[in-house]
>>> print(open('coords_17.txt').read())   # compact mmCIF, C-alpha atoms and all ligand atoms
# COMPACT_ATOMS: atom_id res chain seq x y z
CA MET A 10 0.00 0.00 0.00
CA LYS A 11 1.26 3.46 -0.88
CA LYS A 12 1.33 6.07 1.84
CA ILE A 13 0.97 9.60 0.56
CA LEU A 14 1.32 12.84 2.48
CA ILE A 15 -0.86 15.67 1.19
CA THR A 16 -0.08 19.01 2.81
CA GLY A 17 -2.66 21.80 2.95
CA GLY A 18 -5.47 19.31 2.39
CA ALA A 19 -7.99 21.33 4.42
CA GLY A 20 -7.67 24.31 2.08
CA PHE A 21 -9.48 25.11 -1.15
CA ILE A 22 -7.51 23.09 -3.73
CA GLY A 23 -6.03 20.62 -1.23
CA SER A 24 -9.48 19.43 -0.13
CA HIS A 25 -10.40 18.58 -3.73
CA VAL A 26 -7.09 16.72 -4.15
CA VAL A 27 -7.60 14.79 -0.89
CA ARG A 28 -11.16 13.82 -1.90
CA LEU A 29 -10.00 12.64 -5.34
CA PHE A 30 -7.16 10.52 -3.95
CA VAL A 31 -9.13 9.04 -1.03
CA THR A 32 -12.04 7.99 -3.26
CA LYS A 33 -10.14 7.01 -6.42
CA TYR A 34 -7.31 5.09 -4.72
CA PRO A 35 -8.68 2.99 -1.83
CA GLN A 36 -5.34 1.10 -1.95
CA TYR A 37 -3.47 4.28 -0.91
CA GLN A 38 -3.23 5.56 2.64
CA ILE A 39 -3.71 9.34 2.55
CA VAL A 40 -2.36 11.52 5.38
CA ASN A 41 -3.64 15.10 5.26
CA LEU A 42 -1.30 17.46 7.14
CA ASP A 43 -2.69 20.92 7.75
CA LYS A 44 -2.09 23.67 10.30
CA LEU A 45 -5.71 24.83 9.98
CA THR A 46 -4.84 28.48 9.49
CA TYR A 47 -7.71 30.86 8.73
CA ALA A 48 -7.81 29.18 5.27
CA GLY A 49 -7.97 25.59 6.47
CA ASN A 50 -11.42 24.18 7.08
CA LEU A 51 -12.16 20.53 7.85
CA ALA A 52 -15.79 21.13 6.93
CA ASN A 53 -14.47 20.91 3.34
CA LEU A 54 -13.90 17.19 3.91
CA THR A 55 -16.83 15.93 6.01
CA ASP A 56 -17.90 13.52 3.23
CA ILE A 57 -14.63 11.53 3.41
CA GLU A 58 -13.42 12.16 6.98
CA ASN A 59 -14.32 8.62 8.11
CA ALA A 60 -12.86 6.82 5.09
CA PRO A 61 -10.58 3.93 6.22
CA ASN A 62 -7.69 5.15 4.03
CA TYR A 63 -7.76 8.75 5.35
CA THR A 64 -6.00 10.31 8.34
CA PHE A 65 -5.91 13.97 9.35
CA VAL A 66 -2.90 15.38 11.23
CA LYS A 67 -2.90 18.94 12.55
CA GLY A 68 0.57 20.44 12.32
CA ASP A 69 2.81 23.17 10.99
CA ILE A 70 5.27 22.59 8.12
CA VAL A 71 7.46 25.35 9.60
CA ASP A 72 8.18 23.09 12.61
CA ALA A 73 11.16 21.02 11.33
CA ASP A 74 11.24 18.56 14.25
CA PHE A 75 7.56 17.84 13.92
CA ILE A 76 7.94 17.24 10.16
CA ASP A 77 10.97 14.95 10.64
CA ASN A 78 9.08 12.90 13.23
CA LEU A 79 6.04 12.65 10.96
CA PHE A 80 8.19 11.24 8.14
CA THR A 81 9.85 8.77 10.53
CA GLU A 82 6.49 7.65 11.86
CA HIS A 83 4.75 7.22 8.50
CA GLN A 84 7.51 6.34 5.98
CA PHE A 85 5.71 8.14 3.14
CA ASP A 86 6.13 6.96 -0.45
CA GLY A 87 5.00 10.26 -1.93
CA VAL A 88 4.34 13.88 -1.03
CA ILE A 89 1.89 16.26 -2.69
CA HIS A 90 2.71 19.64 -1.22
CA LEU A 91 -0.02 22.29 -1.34
CA ALA A 92 0.22 23.94 2.10
CA ALA A 93 0.94 27.61 1.64
CA GLU A 94 -0.06 31.13 2.42
CA SER A 95 -1.95 31.75 -0.82
CA HIS A 96 -3.44 35.24 -0.88
CA VAL A 97 -1.52 38.00 -2.70
CA ASP A 98 -3.11 40.88 -0.71
CA ARG A 99 -2.09 39.27 2.60
CA SER A 100 1.47 38.88 1.28
CA ILE A 101 1.62 42.64 0.74
CA THR A 102 0.71 43.38 4.37
CA ASP A 103 2.55 40.44 6.00
CA PRO A 104 5.34 39.11 3.73
CA MET A 105 7.18 37.21 6.48
CA ALA A 106 4.32 34.77 6.99
CA PHE A 107 4.83 33.84 3.32
CA VAL A 108 8.58 33.44 3.74
CA MET A 109 8.04 31.16 6.73
CA THR A 110 5.40 28.82 5.35
CA ASN A 111 6.11 28.91 1.63
CA VAL A 112 9.92 28.92 1.73
CA ILE A 113 11.01 27.50 5.12
CA GLY A 114 8.05 25.10 5.30
CA THR A 115 8.80 23.73 1.83
CA CYS A 116 12.50 23.31 2.71
CA ASN A 117 11.57 21.42 5.89
CA LEU A 118 9.53 18.98 3.80
CA LEU A 119 12.36 18.61 1.28
CA ASN A 120 14.86 17.87 4.07
CA ALA A 121 12.56 15.33 5.70
CA ALA A 122 11.95 13.56 2.36
CA LYS A 123 15.69 13.57 1.58
CA THR A 124 16.49 11.97 4.95
CA SER A 125 13.63 9.50 4.81
CA TRP A 126 14.30 8.38 1.22
CA LYS A 127 18.11 8.58 1.45
CA ASP A 128 19.06 5.21 -0.01
CA LYS A 129 15.82 4.35 -1.71
CA MET A 130 14.63 7.17 -3.94
CA GLU A 131 13.18 4.76 -6.51
CA GLY A 132 9.39 4.80 -6.64
CA LYS A 133 9.23 7.90 -4.45
CA ARG A 134 7.89 11.28 -5.56
CA PHE A 135 7.93 14.82 -4.15
CA TYR A 136 5.30 16.89 -5.97
CA HIS A 137 5.30 20.64 -5.42
CA VAL A 138 2.12 22.52 -6.36
CA SER A 139 2.98 26.00 -7.58
CA THR A 140 1.51 28.95 -9.40
CA ASP A 141 1.70 30.77 -12.73
CA GLU A 142 2.44 33.98 -10.78
CA VAL A 143 6.13 33.03 -10.60
CA TYR A 144 6.42 34.04 -14.28
CA GLY A 145 5.44 37.66 -13.59
CA GLU A 146 3.00 39.56 -15.80
CA LEU A 147 2.29 39.57 -19.54
CA HIS A 148 1.78 42.70 -21.66
CA ASN A 149 1.80 41.34 -25.21
CA PRO A 150 -1.63 39.73 -25.88
CA GLU A 151 0.03 37.13 -28.14
CA GLU A 152 2.27 35.88 -25.32
CA PHE A 153 1.65 32.95 -22.96
CA PHE A 154 3.58 31.51 -20.03
CA LEU A 155 5.57 28.44 -21.08
CA GLU A 156 7.47 26.06 -18.80
CA THR A 157 10.62 27.77 -20.12
CA THR A 158 9.48 31.34 -19.38
CA PRO A 159 12.04 32.97 -17.05
CA TYR A 160 10.85 33.59 -13.50
CA ASP A 161 9.94 37.20 -12.68
CA PRO A 162 7.90 37.18 -9.45
CA ARG A 163 6.54 40.60 -8.52
CA SER A 164 4.62 40.14 -5.25
CA PRO A 165 5.87 38.74 -1.94
CA TYR A 166 3.51 35.79 -2.52
CA SER A 167 4.90 34.97 -5.97
CA ALA A 168 8.48 35.59 -4.78
CA SER A 169 7.96 33.06 -1.97
CA LYS A 170 6.49 30.51 -4.37
CA ALA A 171 9.32 31.12 -6.88
CA SER A 172 11.84 30.62 -4.11
CA SER A 173 10.23 27.34 -3.07
CA ASP A 174 10.19 26.16 -6.71
CA HIS A 175 13.93 26.87 -6.93
CA PHE A 176 14.61 24.89 -3.74
CA VAL A 177 12.56 21.96 -5.05
CA ARG A 178 14.55 21.92 -8.31
CA ALA A 179 17.83 22.33 -6.40
CA TYR A 180 17.05 19.25 -4.25
CA GLY A 181 16.23 17.42 -7.48
CA SER A 182 19.60 18.16 -9.07
CA THR A 183 21.80 18.10 -5.97
CA TYR A 184 20.36 15.21 -3.96
CA LYS A 185 18.50 13.43 -6.80
CA LEU A 186 15.25 13.84 -4.92
CA PRO A 187 12.51 12.68 -7.36
CA VAL A 188 10.71 16.02 -7.72
CA VAL A 189 8.04 17.32 -10.05
CA ILE A 190 6.46 20.80 -10.15
CA THR A 191 3.29 22.20 -11.67
CA ASN A 192 2.45 25.87 -12.16
CA CYS A 193 -1.28 26.47 -12.37
CA SER A 194 -3.49 29.42 -13.24
CA ASN A 195 -6.35 30.86 -11.11
CA ASN A 196 -8.64 28.20 -9.71
CA TYR A 197 -12.33 28.64 -8.92
CA GLY A 198 -15.08 26.34 -7.59
CA PRO A 199 -16.69 24.98 -4.42
CA ASN A 200 -14.95 25.74 -1.07
CA HIS A 201 -13.07 28.76 -2.48
CA PHE A 202 -12.23 31.01 0.47
CA PRO A 203 -14.22 34.28 0.21
CA GLU A 204 -11.21 36.59 0.34
CA LYS A 205 -10.52 35.69 -3.32
CA LEU A 206 -12.30 37.53 -6.13
CA LEU A 207 -14.99 35.07 -7.26
CA PRO A 208 -16.31 33.86 -3.88
CA LEU A 209 -16.03 37.38 -2.47
CA ILE A 210 -18.26 38.70 -5.26
CA ILE A 211 -20.76 35.87 -4.76
CA HIS A 212 -20.78 36.47 -0.99
CA ASN A 213 -21.20 40.22 -1.34
CA ILE A 214 -24.03 39.93 -3.88
CA LEU A 215 -25.85 37.62 -1.46
CA HIS A 216 -25.43 40.19 1.31
CA ASN A 217 -26.04 43.30 -0.85
CA LYS A 218 -22.55 44.60 -0.13
CA PRO A 219 -20.26 46.56 -2.49
CA LEU A 220 -18.32 44.50 -5.06
CA PRO A 221 -14.74 45.82 -4.86
CA VAL A 222 -12.99 45.91 -8.27
CA TYR A 223 -9.31 46.89 -8.09
CA GLY A 224 -8.21 49.74 -10.38
CA LYS A 225 -10.18 49.76 -13.63
CA GLY A 226 -10.91 46.02 -13.61
CA GLU A 227 -8.74 45.61 -16.73
CA ASN A 228 -6.39 42.96 -15.28
CA VAL A 229 -6.69 39.54 -16.87
CA ARG A 230 -6.66 36.16 -15.14
CA ASP A 231 -6.83 32.65 -16.65
CA TRP A 232 -9.45 30.54 -14.84
CA LEU A 233 -9.59 26.78 -14.23
CA PHE A 234 -12.24 24.76 -12.37
CA VAL A 235 -10.67 23.37 -9.19
CA VAL A 236 -11.68 19.76 -9.86
CA ASP A 237 -9.84 19.93 -13.19
CA HIS A 238 -6.74 21.10 -11.30
CA ALA A 239 -7.11 18.14 -8.91
CA ARG A 240 -7.38 15.80 -11.94
CA ALA A 241 -4.23 17.36 -13.40
CA ILE A 242 -2.39 16.82 -10.09
CA ASP A 243 -3.46 13.15 -10.15
CA THR A 244 -2.13 12.84 -13.73
CA VAL A 245 1.22 14.50 -13.01
CA PHE A 246 1.70 12.67 -9.70
CA HIS A 247 1.38 9.33 -11.48
CA ASP A 248 2.68 9.99 -14.99
CA GLY A 249 4.75 13.20 -14.86
CA LYS A 250 8.45 12.90 -15.66
CA ILE A 251 10.73 13.25 -12.66
CA GLY A 252 12.53 16.60 -12.71
CA ASP A 253 9.99 18.14 -15.10
CA THR A 254 7.68 21.11 -14.79
CA TYR A 255 4.15 21.23 -16.23
CA ASN A 256 1.99 24.30 -16.68
CA ILE A 257 -1.72 23.77 -15.93
CA GLY A 258 -4.45 26.03 -17.28
CA GLY A 259 -7.66 26.10 -19.24
CA PHE A 260 -6.90 28.65 -22.00
CA ASN A 261 -9.64 30.71 -20.43
CA GLU A 262 -8.75 34.37 -19.96
CA TRP A 263 -11.12 36.94 -18.50
CA LYS A 264 -10.79 40.61 -17.60
CA ASN A 265 -11.76 41.04 -13.94
CA ILE A 266 -14.60 43.43 -14.73
CA ASP A 267 -16.08 41.04 -17.31
CA ILE A 268 -16.01 38.15 -14.88
CA VAL A 269 -17.62 40.27 -12.14
CA MET A 270 -20.36 41.30 -14.61
CA LEU A 271 -20.92 37.65 -15.54
CA VAL A 272 -21.24 36.65 -11.88
CA CYS A 273 -23.72 39.53 -11.36
CA LYS A 274 -25.84 38.37 -14.31
CA THR A 275 -25.75 34.71 -13.22
CA MET A 276 -26.64 35.59 -9.62
CA ASP A 277 -29.51 37.88 -10.66
CA GLU A 278 -30.99 35.06 -12.73
CA LYS A 279 -30.53 32.45 -9.98
CA LEU A 280 -31.92 34.71 -7.25
CA GLY A 281 -34.83 35.87 -9.40
CA ARG A 282 -33.69 39.48 -9.14
CA GLU A 283 -34.30 42.07 -11.86
CA ALA A 284 -31.48 42.10 -14.46
CA GLY A 285 -28.87 44.74 -13.55
CA THR A 286 -29.53 44.63 -9.78
CA SER A 287 -26.15 43.20 -8.72
CA GLU A 288 -24.14 45.27 -11.21
CA LYS A 289 -25.16 48.37 -9.26
CA LEU A 290 -23.04 47.08 -6.36
CA ILE A 291 -19.80 47.25 -8.40
CA THR A 292 -17.39 49.67 -6.72
CA TYR A 293 -14.00 50.59 -8.18
CA VAL A 294 -11.43 50.73 -5.39
CA THR A 295 -7.71 51.53 -5.03
CA ASP A 296 -5.61 49.17 -7.10
CA ARG A 297 -3.51 46.36 -5.57
CA ALA A 298 0.16 47.44 -5.19
CA GLY A 299 2.22 45.97 -8.05
CA HIS A 300 -0.95 44.46 -9.56
CA ASP A 301 0.12 42.02 -12.33
CA LEU A 302 -1.63 42.94 -15.59
CA ARG A 303 -2.22 39.58 -17.24
CA TYR A 304 -1.59 35.89 -16.63
CA ALA A 305 -2.10 33.33 -19.40
CA ILE A 306 -0.90 29.73 -19.30
CA ASP A 307 0.08 27.66 -22.29
CA ALA A 308 -0.92 24.18 -21.15
CA THR A 309 0.10 22.40 -24.37
CA LYS A 310 2.80 20.28 -22.68
CA ILE A 311 0.55 18.56 -20.12
CA MET A 312 -2.16 18.12 -22.76
CA ASN A 313 0.18 16.58 -25.39
CA GLU A 314 2.51 14.60 -23.16
CA LEU A 315 0.14 13.40 -20.43
CA GLY A 316 -3.27 13.61 -22.14
CA TRP A 317 -4.88 15.84 -19.49
CA LYS A 318 -7.43 18.42 -20.52
CA PRO A 319 -10.02 20.48 -18.64
CA SER A 320 -13.42 18.77 -18.45
CA LEU A 321 -15.52 21.91 -17.98
CA GLN A 322 -16.04 25.01 -20.07
CA PHE A 323 -15.89 28.17 -17.98
CA GLU A 324 -19.58 29.15 -18.21
CA GLU A 325 -20.57 25.65 -17.07
CA GLY A 326 -18.00 25.70 -14.23
CA LEU A 327 -19.12 29.13 -13.08
CA GLU A 328 -22.74 28.03 -12.97
CA LYS A 329 -21.81 24.95 -10.91
CA THR A 330 -19.80 27.20 -8.58
CA VAL A 331 -22.61 29.72 -8.08
CA ASP A 332 -25.05 26.84 -7.45
CA TRP A 333 -22.65 25.34 -4.87
CA PHE A 334 -22.39 28.64 -2.97
CA LEU A 335 -26.17 29.15 -3.09
CA ASN A 336 -26.70 25.62 -1.74
CA ASN A 337 -23.97 25.96 0.90
CA GLN A 338 -24.67 29.34 2.44
CA GLU A 339 -24.09 27.86 5.89
CA TRP A 340 -20.51 27.00 4.84
CA LEU A 341 -20.05 30.56 3.62
CA ASP A 342 -21.54 32.10 6.77
CA ASN A 343 -19.41 29.87 9.02
CA VAL A 344 -16.29 30.90 7.14
CA THR A 345 -17.02 34.60 7.24
CA SER A 346 -17.96 34.45 10.94
CA GLY A 347 -14.94 32.29 11.82
CA ASN A 348 -17.21 29.67 13.44
CA TYR A 349 -15.53 26.79 11.60
CA GLN A 350 -12.27 27.60 13.35
CA LYS A 351 -13.71 27.71 16.84
CA TYR A 352 -15.33 24.29 16.33
CA TYR A 353 -12.32 22.52 14.89
CA THR A 354 -9.81 24.22 17.17
CA GLU A 355 -11.67 22.79 20.16
CA MET A 356 -11.89 19.41 18.46
CA TYR A 357 -8.16 19.11 17.74
CA THR A 358 -6.64 20.88 20.74
CA ASN A 359 -4.69 18.49 23.00
CA ARG A 360 -4.56 15.69 20.42
P1 LIG A 401 -5.62 27.91 0.62
O1 LIG A 401 -5.12 29.17 1.24
O2 LIG A 401 -7.07 27.74 0.37
O3 LIG A 401 -5.18 26.65 1.52
C1 LIG A 401 -3.90 26.54 2.08
C2 LIG A 401 -3.92 25.44 3.13
O4 LIG A 401 -2.61 25.32 3.68
C3 LIG A 401 -4.88 25.73 4.30
O5 LIG A 401 -5.63 24.59 4.60
C4 LIG A 401 -3.95 26.09 5.44
O6 LIG A 401 -4.46 25.77 6.71
C5 LIG A 401 -2.71 25.26 5.11
N1 LIG A 401 -1.48 25.84 5.68
C6 LIG A 401 -1.07 27.13 5.61
N2 LIG A 401 0.08 27.30 6.28
C7 LIG A 401 0.42 26.07 6.77
C8 LIG A 401 1.51 25.60 7.54
N3 LIG A 401 2.48 26.42 7.96
N4 LIG A 401 1.56 24.28 7.85
C9 LIG A 401 0.58 23.43 7.44
N5 LIG A 401 -0.50 23.84 6.72
C10 LIG A 401 -0.57 25.14 6.39
O7 LIG A 401 -4.77 27.72 -0.70
P2 LIG A 401 -5.21 27.14 -2.12
O8 LIG A 401 -5.80 28.22 -2.92
O9 LIG A 401 -5.95 25.87 -1.92
O10 LIG A 401 -3.77 26.83 -2.74
C11 LIG A 401 -3.12 25.59 -2.48
C12 LIG A 401 -1.78 25.57 -3.19
O11 LIG A 401 -1.95 25.76 -4.58
C13 LIG A 401 -0.84 26.69 -2.74
O12 LIG A 401 0.47 26.17 -2.69
C14 LIG A 401 -0.96 27.74 -3.83
O13 LIG A 401 0.23 28.48 -3.94
C15 LIG A 401 -1.20 26.86 -5.04
N6 LIG A 401 -1.98 27.47 -6.13
C16 LIG A 401 -3.18 28.08 -5.88
C17 LIG A 401 -3.93 28.58 -6.93
C18 LIG A 401 -5.28 29.23 -6.71
O14 LIG A 401 -5.85 29.77 -7.65
N7 LIG A 401 -5.85 29.20 -5.52
C19 LIG A 401 -3.44 28.50 -8.24
C20 LIG A 401 -2.19 27.90 -8.45
C21 LIG A 401 -1.48 27.36 -7.39
O1 LIG A 402 -2.70 32.73 -10.68
C1 LIG A 402 -2.76 31.83 -9.63
C2 LIG A 402 -3.00 32.57 -8.33
O2 LIG A 402 -4.37 32.98 -8.35
C3 LIG A 402 -2.72 31.72 -7.10
O3 LIG A 402 -1.36 31.38 -7.08
C4 LIG A 402 -3.10 32.47 -5.83
O4 LIG A 402 -2.91 31.64 -4.71
C5 LIG A 402 -4.57 32.85 -5.93
O5 LIG A 402 -4.93 33.61 -4.80
C6 LIG A 402 -4.83 33.66 -7.20
O6 LIG A 402 -4.19 34.96 -7.12
P1 LIG A 402 -4.91 36.30 -7.66
O7 LIG A 402 -4.31 37.45 -6.99
O8 LIG A 402 -4.99 36.29 -9.15
O9 LIG A 402 -6.42 36.02 -7.11
P2 LIG A 402 -7.50 36.99 -6.41
O10 LIG A 402 -8.77 36.24 -6.36
O11 LIG A 402 -6.96 37.60 -5.17
O12 LIG A 402 -7.63 38.15 -7.49
C7 LIG A 402 -8.05 37.89 -8.83
C8 LIG A 402 -8.04 39.20 -9.57
O13 LIG A 402 -9.10 40.03 -9.06
C9 LIG A 402 -6.77 40.00 -9.38
O14 LIG A 402 -6.47 40.68 -10.60
C10 LIG A 402 -7.11 41.01 -8.29
C11 LIG A 402 -8.58 41.27 -8.50
N1 LIG A 402 -9.38 41.53 -7.29
C12 LIG A 402 -9.24 40.71 -6.20
C13 LIG A 402 -9.97 40.93 -5.05
C14 LIG A 402 -9.80 40.04 -3.85
C15 LIG A 402 -10.30 42.57 -7.28
O15 LIG A 402 -10.44 43.30 -8.28
N2 LIG A 402 -11.03 42.80 -6.15
C16 LIG A 402 -10.90 42.01 -5.03
O16 LIG A 402 -11.59 42.27 -4.00
>>> encode(input="coords_17.txt", output="C-alpha cells", more="lines below")
Ligand code: NAD
Ligand code: DAU
Amino acid sequence: MKKILITGGAGFIGSHVVRLFVTKYPQYQIVNLDKLTYAGNLANLTDIENAPNYTFVKGDIVDADFIDNLFTEHQFDGVIHLAAESHVDRSITDPMAFVMTNVIGTCNLLNAAKTSWKDKMEGKRFYHVSTDEVYGELHNPEEFFLETTPYDPRSPYSASKASSDHFVRAYGSTYKLPVVITNCSNNYGPNHFPEKLLPLIIHNILHNKPLPVYGKGENVRDWLFVVDHARAIDTVFHDGKIGDTYNIGGFNEWKNIDIVMLVCKTMDEKLGREAGTSEKLITYVTDRAGHDLRYAIDATKIMNELGWKPSLQFEEGLEKTVDWFLNNQEWLDNVTSGNYQKYYTEMYTNR
C-alpha cells in the first residue's frame, strides 16, 4: 500500500485533491497534514473524513522537528505539497508569513523527504504545487507563459512561491530527490475562500454589499475549475516525468470586470432578481500594489505529453460554482464568521 502525504489538504484546492485521492485510490493511505490556518477548514472534507484510508494530522510545516518525526512515523512513499499562504493581498501586508510557510516550510519537507528516502529514492515522488504567478505579468496579448518562461515574481507571494520552486529543483539536481512541479493558473469552484475575487463577489451579492474591483478592472486572469486542477495533479503525480515542470491552465482568460459582470448576471438570474440589480453594487477601489496585468498559461505540454485536458467550459464551471455557494450558504456564513475555526480548534486541541 502506498502512503501519501498531502499538505494543505484542508484548504481550497487541497481538499479537492484529498477527496479525489481518497475515493479514487482505496489502496493508498492518505495523510492530510494541515495547520488549519484561517484558510484551512475541515468542513471541506466531512464527506470523506471517516474513510478507512484517510488520516488527518494537525501540524505546521514550519516546525522542522515535527515534520521529521512525521516522516519517521509514516515512511511516506510520496508527497503532494499544497500547504501555503496563498493570498496576494495578505502577502503585501505580511510578507514574512509567506517566507516562513512557503519557503522555510517547503524546505523542511524537502529535508525530511531527503532523509527518509536517502538510499531508496526509486518509486518515491515529491510533488510541489505551484503557481503561474512566478512568471510575472504579460503585456503582449500574443504571449503565454511556457514552462521555459524565465521567472519574474513581482509580489511577496509569488516571490515566496518562486523561491520554493527553486529549492525543489535544487534538491532534485543536488540530492537526486525525485521532484516534479506544476504551475497552475487561477482556480475557482466549491470551497473557495471568500477573500478571493470570485467567492467574495458571490458572498457580497448575497449580502447586498459593495463588489470591490481593483483599479479599472482591466487585469486579466486565466481561470480553471478546481476539480480539473485536482485531476491534473493526479495525472502529473502518477505519470509526470521526474525533474519536469508542467503548466496547468484552461486557455480561459477573462478581464476582472467582465467576470464580475458575468457573476452579477448569473446571480440575478438564480436569485430571481431584476437584471442589472447586482451590477449596481460594483465599486471601483484603489488598485492592488504591483498588480500584475495579465496571466495566461500555455498548457500544451501537459495536454500533449500526459493527455490531461479540462473537463468543464468556464460558463458551465461558473454556474456549478454559483449553485454550490447558493446551496452551501451555511458553509459561507461559518467561514465569514470564523465559526468553523472555533469548532475545529476545540476538536483538535490536546490531540
Ligand atoms: P488555501 O489558502 O485555500 O489553503 C492553504 C492550506 O494550507 C490551508 O488549509 C492552510 O491551513 C494550510 N497551511 C497554511 N500554512 C500552513 C503551515 N504552515 N503548515 C501546514 N499547513 C498550512 O490555498 P489554495 O488556494 O488551496 O492553494 C493551495 C496551493 O496551490 C498553494 O500552494 C498555492 O500556492 C497553489 N496554487 C493556488 C492557486 C489558486 O488559484 N488558488 C493557483 C495555483 C497554485
Ligand atoms: O494565478 C494563480 C493565483 O491565483 C494563485 O497562485 C493564488 O494563490 C490565488 O490567490 C490567485 O491569485 P490572484 O491574486 O490572481 O487572485 P485573487 O482572487 O486575489 O484576485 C483575482 C483578480 O481580481 C486579481 O487581478 C485582483 C482582483 N481583485 C481581487 C480581489 C480580492 C479585485 O479586483 N477585487 C478584489 O476584491
>>> closest_residue(input="coords_17.txt", among="A:Pro150, A:Pro203, A:Gly49, A:Pro187", to="ligand LIG 402 (chain A)", atoms="only C-alpha atoms and all ligand atoms")
A:Pro203
>>> residues_near_ligand(input="coords_17.txt", ligand="ligand LIG 402 (chain A)", cutoff="9 Å", atoms="all atoms listed in the file", output="NGL selection string")
:A and (93-98 or 139-143 or 166-167 or 170 or 192-197 or 203-210 or 220-232 or 264-266 or 269 or 293-294 or 296-297 or 300-305)
>>> atom_distance(input="coords_17.txt", atom1="CA of Thr292 in chain A", atom2="atom C21 of ligand LIG 401 (chain A)")
27.4 Å
>>> closest_residue(input="coords_17.txt", among="A:Asn348, A:Asn261, A:Thr158, A:Ser287", to="Leu321 in chain A", atoms="all atoms listed in the file")
A:Asn261
>>> closest_residue(input="coords_17.txt", among="A:Ala298, A:Val245, A:Ile268, A:Leu54", to="Ile311 in chain A", atoms="all atoms listed in the file")
A:Val245
>>> residues_around(input="coords_17.txt", residues="Asn78 in chain A", least_positions_apart="2", cutoff="12 Å", atoms="all atoms listed in the file", output="NGL selection string")
:A and (68 or 70 or 72-76 or 80-85 or 117-118 or 120-122 or 124-125)
>>> closest_residue(input="coords_17.txt", among="A:His238, A:His175, A:Lys218, A:Lys127", to="ligand LIG 401 (chain A)", atoms="only C-alpha atoms and all ligand atoms")
A:His238
>>> closest_residue(input="coords_17.txt", among="A:Asp243, A:Asp174, A:Glu131, A:Asp267", to="Phe30 in chain A", atoms="all atoms listed in the file")
A:Asp243
>>> atom_distance(input="coords_17.txt", atom1="CA of Pro219 in chain A", atom2="CA of Leu290 in chain A")
4.8 Å
>>> residues_around(input="coords_17.txt", residues="Asp86 in chain A", least_positions_apart="6", cutoff="8 Å", atoms="only C-alpha atoms", output="PyMOL selection string")
chain A and resi 11-13+132-134
>>> write_last_selection(input="coords_17.txt", atoms="C-alpha atoms", output="PDB file, keeping the file's coordinate frame")
ATOM      1  CA  LYS A  11       1.260   3.460  -0.880  1.00  0.00           C
ATOM      2  CA  LYS A  12       1.330   6.070   1.840  1.00  0.00           C
ATOM      3  CA  ILE A  13       0.970   9.600   0.560  1.00  0.00           C
ATOM      4  CA  GLY A 132       9.390   4.800  -6.640  1.00  0.00           C
ATOM      5  CA  LYS A 133       9.230   7.900  -4.450  1.00  0.00           C
ATOM      6  CA  ARG A 134       7.890  11.280  -5.560  1.00  0.00           C
TER       7      ARG A 134
END
>>> closest_atom_pairs(input="coords_17.txt", of="range 180-205 of chain A", to="range 326-341 of chain A", cutoff="10 Å", atoms="all atoms listed in the file", output="Markdown table")
| residue | atom | partner | partner_atom | distance |
| --- | --- | --- | --- | --- |
| A:Tyr197 | CA | A:Thr330 | CA | 7.6 |
| A:Gly198 | CA | A:Thr330 | CA | 4.9 |
| A:Pro199 | CA | A:Thr330 | CA | 5.6 |
| A:Asn200 | CA | A:Phe334 | CA | 8.2 |
| A:His201 | CA | A:Thr330 | CA | 9.2 |
| A:Phe202 | CA | A:Leu341 | CA | 8.4 |
| A:Pro203 | CA | A:Leu341 | CA | 7.7 |
>>> write_last_selection(input="coords_17.txt", atoms="C-alpha atoms", output="PDB file, keeping the file's coordinate frame")
ATOM      1  CA  TYR A 197     -12.330  28.640  -8.920  1.00  0.00           C
ATOM      2  CA  GLY A 198     -15.080  26.340  -7.590  1.00  0.00           C
ATOM      3  CA  PRO A 199     -16.690  24.980  -4.420  1.00  0.00           C
ATOM      4  CA  ASN A 200     -14.950  25.740  -1.070  1.00  0.00           C
ATOM      5  CA  HIS A 201     -13.070  28.760  -2.480  1.00  0.00           C
ATOM      6  CA  PHE A 202     -12.230  31.010   0.470  1.00  0.00           C
ATOM      7  CA  PRO A 203     -14.220  34.280   0.210  1.00  0.00           C
TER       8      PRO A 203
END
